[in-house]
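Coordinates as given in work-v1.json (JSON, C-alpha atoms):
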```
[["chain", "number", "residue", "atom", "x", "y", "z"],
["A", 1, "MET", "CA", -38.59, -35.01, -32.48],
["A", 2, "ALA", "CA", -40.23, -32.41, -30.43],
["A", 3, "ASP", "CA", -43.92, -31.81, -30.91],
["A", 4, "PRO", "CA", -44.30, -28.59, -32.96],
["A", 5, "HIS", "CA", -47.66, -27.79, -31.28],
["A", 6, "ARG", "CA", -46.23, -28.00, -27.78],
["A", 7, "LYS", "CA", -45.81, -24.64, -26.10],
["A", 8, "ARG", "CA", -42.17, -23.76, -25.52],
["A", 9, "ARG", "CA", -41.33, -22.63, -22.00],
["A", 10, "TRP", "CA", -38.34, -20.47, -21.10],
["A", 11, "ARG", "CA", -36.30, -21.54, -18.22],
["A", 12, "VAL", "CA", -34.73, -18.79, -16.20],
["A", 13, "PHE", "CA", -31.31, -20.40, -16.10],
["A", 14, "ARG", "CA", -31.28, -20.68, -19.89],
["A", 15, "ALA", "CA", -32.20, -17.07, -20.55],
["A", 16, "PRO", "CA", -29.47, -15.10, -22.34],
["A", 17, "GLY", "CA", -27.13, -13.35, -19.93],
["A", 18, "VAL", "CA", -28.33, -15.15, -16.79],
["A", 19, "ASP", "CA", -25.93, -18.05, -17.28],
["A", 20, "LEU", "CA", -23.05, -15.63, -17.79],
["A", 21, "ALA", "CA", -24.07, -13.59, -14.75],
["A", 22, "SER", "CA", -24.22, -16.78, -12.71],
["A", 23, "LYS", "CA", -20.69, -17.72, -13.75],
["A", 24, "VAL", "CA", -19.41, -14.22, -12.97],
["A", 25, "ALA", "CA", -21.09, -14.26, -9.55],
["A", 26, "LYS", "CA", -19.63, -17.68, -8.75],
["A", 27, "GLU", "CA", -16.12, -16.57, -9.75],
["A", 28, "GLY", "CA", -16.55, -13.36, -7.75],
["A", 29, "TYR", "CA", -17.65, -15.31, -4.69],
["A", 30, "ASP", "CA", -14.69, -17.68, -5.00],
["A", 31, "GLY", "CA", -12.31, -14.74, -5.38],
["A", 32, "ALA", "CA", -13.82, -12.93, -2.40],
["A", 33, "ALA", "CA", -13.54, -16.07, -0.26],
["A", 34, "GLU", "CA", -9.89, -16.46, -1.27],
["A", 35, "GLY", "CA", -9.21, -12.80, -0.51],
["A", 36, "ILE", "CA", -10.81, -13.04, 2.92],
["A", 37, "ALA", "CA", -8.80, -16.19, 3.65],
["A", 38, "SER", "CA", -5.58, -14.38, 2.74],
["A", 39, "LEU", "CA", -6.47, -11.48, 5.08],
["A", 40, "ARG", "CA", -7.13, -13.79, 8.03],
["A", 41, "PRO", "CA", -4.29, -13.44, 10.54],
["A", 42, "ARG", "CA", -1.87, -16.31, 10.82],
["A", 43, "SER", "CA", -1.50, -18.18, 14.05],
["A", 44, "PHE", "CA", 1.17, -16.91, 16.46],
["A", 45, "ASP", "CA", 4.53, -18.49, 15.72],
["A", 46, "ARG", "CA", 6.39, -18.92, 19.02],
["A", 47, "ARG", "CA", 9.61, -19.92, 17.26],
["A", 48, "GLY", "CA", 9.56, -16.74, 15.19],
["A", 49, "PHE", "CA", 8.97, -14.46, 18.17],
["A", 50, "PHE", "CA", 11.34, -16.15, 20.62],
["A", 51, "GLY", "CA", 14.01, -16.98, 18.03],
["A", 52, "ARG", "CA", 14.56, -19.70, 15.45],
["A", 53, "ASP", "CA", 18.34, -19.93, 15.52],
["A", 54, "GLU", "CA", 20.39, -21.68, 18.16],
["A", 55, "ASP", "CA", 23.20, -19.12, 17.82],
["A", 56, "GLY", "CA", 20.88, -16.09, 17.99],
["A", 57, "GLY", "CA", 20.94, -15.40, 14.24],
["A", 58, "ILE", "CA", 24.67, -14.71, 13.97],
["A", 59, "GLU", "CA", 25.28, -17.27, 11.22],
["A", 60, "ARG", "CA", 22.29, -16.08, 9.17],
["A", 61, "PHE", "CA", 23.46, -12.48, 9.48],
["A", 62, "ARG", "CA", 26.95, -13.42, 8.34],
["A", 63, "ALA", "CA", 25.55, -15.34, 5.37],
["A", 64, "HIS", "CA", 23.28, -12.45, 4.44],
["A", 65, "SER", "CA", 25.93, -9.76, 4.80],
["A", 66, "GLY", "CA", 28.87, -11.83, 3.53],
["A", 67, "GLY", "CA", 29.10, -10.01, 0.20],
["A", 68, "LEU", "CA", 28.70, -6.53, 1.68],
["A", 69, "SER", "CA", 31.50, -4.20, 2.65],
["A", 70, "ALA", "CA", 31.66, -2.45, 6.03],
["A", 71, "ASN", "CA", 30.74, 0.79, 4.27],
["A", 72, "GLN", "CA", 27.59, -0.75, 2.78],
["A", 73, "ILE", "CA", 26.53, -2.08, 6.18],
["A", 74, "GLU", "CA", 27.09, 1.34, 7.76],
["A", 75, "THR", "CA", 25.05, 2.93, 4.96],
["A", 76, "ALA", "CA", 22.21, 0.47, 5.62],
["A", 77, "LEU", "CA", 22.36, 1.24, 9.34],
["A", 78, "PHE", "CA", 22.25, 4.97, 8.63],
["A", 79, "ALA", "CA", 19.26, 4.48, 6.29],
["A", 80, "TRP", "CA", 17.29, 2.50, 8.91],
["A", 81, "GLU", "CA", 18.07, 5.07, 11.61],
["A", 82, "ARG", "CA", 17.03, 7.88, 9.27],
["A", 83, "ASP", "CA", 13.78, 6.09, 8.46],
["A", 84, "ARG", "CA", 13.13, 5.54, 12.18],
["A", 85, "GLY", "CA", 13.55, 9.27, 12.80],
["A", 86, "VAL", "CA", 11.33, 10.29, 9.90],
["A", 87, "PHE", "CA", 8.56, 7.88, 10.91],
["A", 88, "ALA", "CA", 8.78, 8.96, 14.56],
["A", 89, "VAL", "CA", 8.49, 12.65, 13.59],
["A", 90, "MET", "CA", 5.52, 11.86, 11.34],
["A", 91, "THR", "CA", 3.86, 9.95, 14.19],
["A", 92, "VAL", "CA", 4.21, 12.90, 16.54],
["A", 93, "ALA", "CA", 3.02, 15.33, 13.84],
["A", 94, "LEU", "CA", -0.11, 13.28, 13.16],
["A", 95, "ILE", "CA", -0.91, 13.01, 16.86],
["A", 96, "VAL", "CA", -0.43, 16.78, 17.32],
["A", 97, "ALA", "CA", -2.65, 17.42, 14.28],
["A", 98, "VAL", "CA", -5.70, 15.98, 16.09],
["A", 99, "PRO", "CA", -6.02, 18.72, 18.75],
["A", 100, "LEU", "CA", -4.93, 21.39, 16.26],
["A", 101, "ALA", "CA", -7.69, 20.33, 13.89],
["A", 102, "ALA", "CA", -10.16, 20.45, 16.77],
["A", 103, "LEU", "CA", -8.87, 23.89, 17.75],
["A", 104, "TYR", "CA", -9.44, 25.25, 14.25],
["A", 105, "ASP", "CA", -12.82, 23.47, 14.01],
["A", 106, "VAL", "CA", -11.91, 21.29, 11.02],
["A", 107, "LEU", "CA", -11.87, 17.97, 12.87],
["A", 108, "THR", "CA", -14.47, 15.54, 11.62],
["A", 109, "LEU", "CA", -14.88, 11.91, 12.64],
["A", 110, "PRO", "CA", -13.36, 10.47, 9.42],
["A", 111, "PHE", "CA", -10.51, 12.98, 9.54],
["A", 112, "GLY", "CA", -9.77, 12.16, 13.18],
["A", 113, "ILE", "CA", -9.87, 8.42, 12.50],
["A", 114, "GLY", "CA", -7.57, 8.93, 9.52],
["A", 115, "LEU", "CA", -5.09, 10.91, 11.61],
["A", 116, "CYS", "CA", -5.08, 8.26, 14.34],
["A", 117, "ALA", "CA", -4.73, 5.43, 11.81],
["A", 118, "GLY", "CA", -1.90, 7.28, 10.08],
["A", 119, "ALA", "CA", -0.15, 7.84, 13.41],
["A", 120, "SER", "CA", -0.51, 4.14, 14.26],
["A", 121, "PHE", "CA", 0.84, 3.11, 10.87],
["A", 122, "MET", "CA", 3.82, 5.44, 11.18],
["A", 123, "ALA", "CA", 4.52, 4.21, 14.73],
["A", 124, "VAL", "CA", 4.65, 0.61, 13.49],
["A", 125, "LYS", "CA", 6.94, 1.63, 10.63],
["A", 126, "ALA", "CA", 9.23, 3.42, 13.13],
["A", 127, "LEU", "CA", 9.27, 0.31, 15.33],
["A", 128, "VAL", "CA", 10.22, -1.90, 12.36],
["A", 129, "ALA", "CA", 12.96, 0.50, 11.28],
["A", 130, "ASP", "CA", 14.33, 0.59, 14.83],
["A", 131, "PHE", "CA", 14.26, -3.22, 14.96],
["A", 132, "ARG", "CA", 16.22, -3.46, 11.69],
["A", 133, "ALA", "CA", 18.76, -0.89, 12.90],
["A", 134, "TRP", "CA", 19.12, -2.83, 16.18],
["A", 135, "GLN", "CA", 19.77, -6.04, 14.22],
["A", 136, "ILE", "CA", 22.56, -4.36, 12.24],
["A", 137, "GLN", "CA", 24.05, -2.89, 15.41],
["A", 138, "GLN", "CA", 23.97, -6.32, 17.08],
["A", 139, "GLY", "CA", 25.45, -8.00, 13.99],
["A", 140, "ARG", "CA", 22.85, -10.77, 14.10],
["A", 141, "PHE", "CA", 19.24, -11.48, 13.27],
["A", 142, "GLY", "CA", 18.01, -11.41, 16.86],
["A", 143, "ALA", "CA", 14.50, -12.41, 17.83],
["A", 144, "PRO", "CA", 11.82, -9.75, 18.38],
["A", 145, "VAL", "CA", 11.58, -10.73, 22.06],
["A", 146, "GLU", "CA", 15.28, -9.95, 22.53],
["A", 147, "TYR", "CA", 14.79, -6.57, 20.86],
["A", 148, "LEU", "CA", 11.82, -5.76, 23.07],
["A", 149, "ASN", "CA", 13.65, -6.89, 26.21],
["A", 150, "HIS", "CA", 16.53, -4.63, 25.19],
["A", 151, "ARG", "CA", 14.32, -1.59, 24.51],
["A", 152, "LEU", "CA", 11.59, -1.95, 27.16],
["A", 153, "PRO", "CA", 12.07, -0.92, 30.79],
["A", 154, "ARG", "CA", 12.94, -3.70, 33.24],
["A", 155, "ASN", "CA", 9.44, -3.90, 34.71],
["A", 156, "MET", "CA", 7.96, -4.62, 31.25],
["A", 157, "GLN", "CA", 10.30, -7.41, 30.15],
["A", 158, "ILE", "CA", 8.81, -10.37, 28.25],
["A", 159, "MET", "CA", 9.47, -13.74, 29.85],
["A", 160, "GLU", "CA", 9.04, -17.04, 28.09],
["A", 161, "LYS", "CA", 7.17, -19.71, 30.06],
["A", 162, "GLU", "CA", 9.00, -22.91, 30.72],
["A", 163, "ARG", "CA", 7.55, -25.85, 28.84],
["A", 164, "PRO", "CA", 6.99, -29.07, 30.79]]
```
In structure tokens, what does this structure look like?
Amino acid sequence: MADPHRKRRWRVFRAPGVDLASKVAKEGYDGAAEGIASLRPRSFDRRGFFGRDEDGGIERFRAHSGGLSANQIETALFAWERDRGVFAVMTVALIVAVPLAALYDVLTLPFGIGLCAGASFMAVKALVADFRAWQIQQGRFGAPVEYLNHRLPRNMQIMEKERP
């Protein structure tokens, strides 16, 4: 039995609410660490960029589009080309908005950064839509390097280094 005349001391970690706050902080830290780990960029996958398939993605494309009619494939191609056009127009509009906002004296640093970030985002979306439309036109799931070599000028072609 405890001595009744002994002075009782409070420990900080036993105080009401502190233990709960400690558990919440630990769970929050673990969740933040997991979130940061999921945002970390993955390592560059050479097989994904230079192509995974021996046949250039023809078989995968046939398997994926096997149940689709020619009309459905044409509709998908039209949709990707439409999206590419819309995203390209939005990119140009956001880029043109920067000097117009400066001209009318409404350009602030956050607004300018937002316009540039929006233009970058729309440019990436237009590039992805063009890549998907190119894949449908080619009738295969071609590698991104093949797409870039097809779209870029000759002096900007991407060459794969020979492995020893």
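With distances restricted to all atoms listed in the file, A:Gly57 is the closest residue to Gln135 in chain A from A:Gly48, A:Ala79, A:Ala119, A:Gly57.
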So which residues touch Phe131 in chain A within 12 Å, counting all atoms listed in the file, skipping near sequence neighbours fewer than 5 positions away, as a PyMOL selection string?
chain A and resi 77+80-81+83-84+124-126+136-138+140-151
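One distance worth recording is that between CA of Phe78 in chain A and CA of Gly139 in chain A, which is 14.4 Å.
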Between CA of Ala123 in chain A and CA of Val89 in chain A, what distance in Å does the model show, to one decimal?
9.4 Å
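Using all atoms listed in the file, the nearest neighbour of Ala97 in chain A within the list A:Ala133, A:Leu68, A:Leu39, A:Leu115 is A:Leu115.
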To one decimal in Å, tell me the separation between CA of Phe87 in chain A and CA of Ala129 in chain A.
8.6 Å
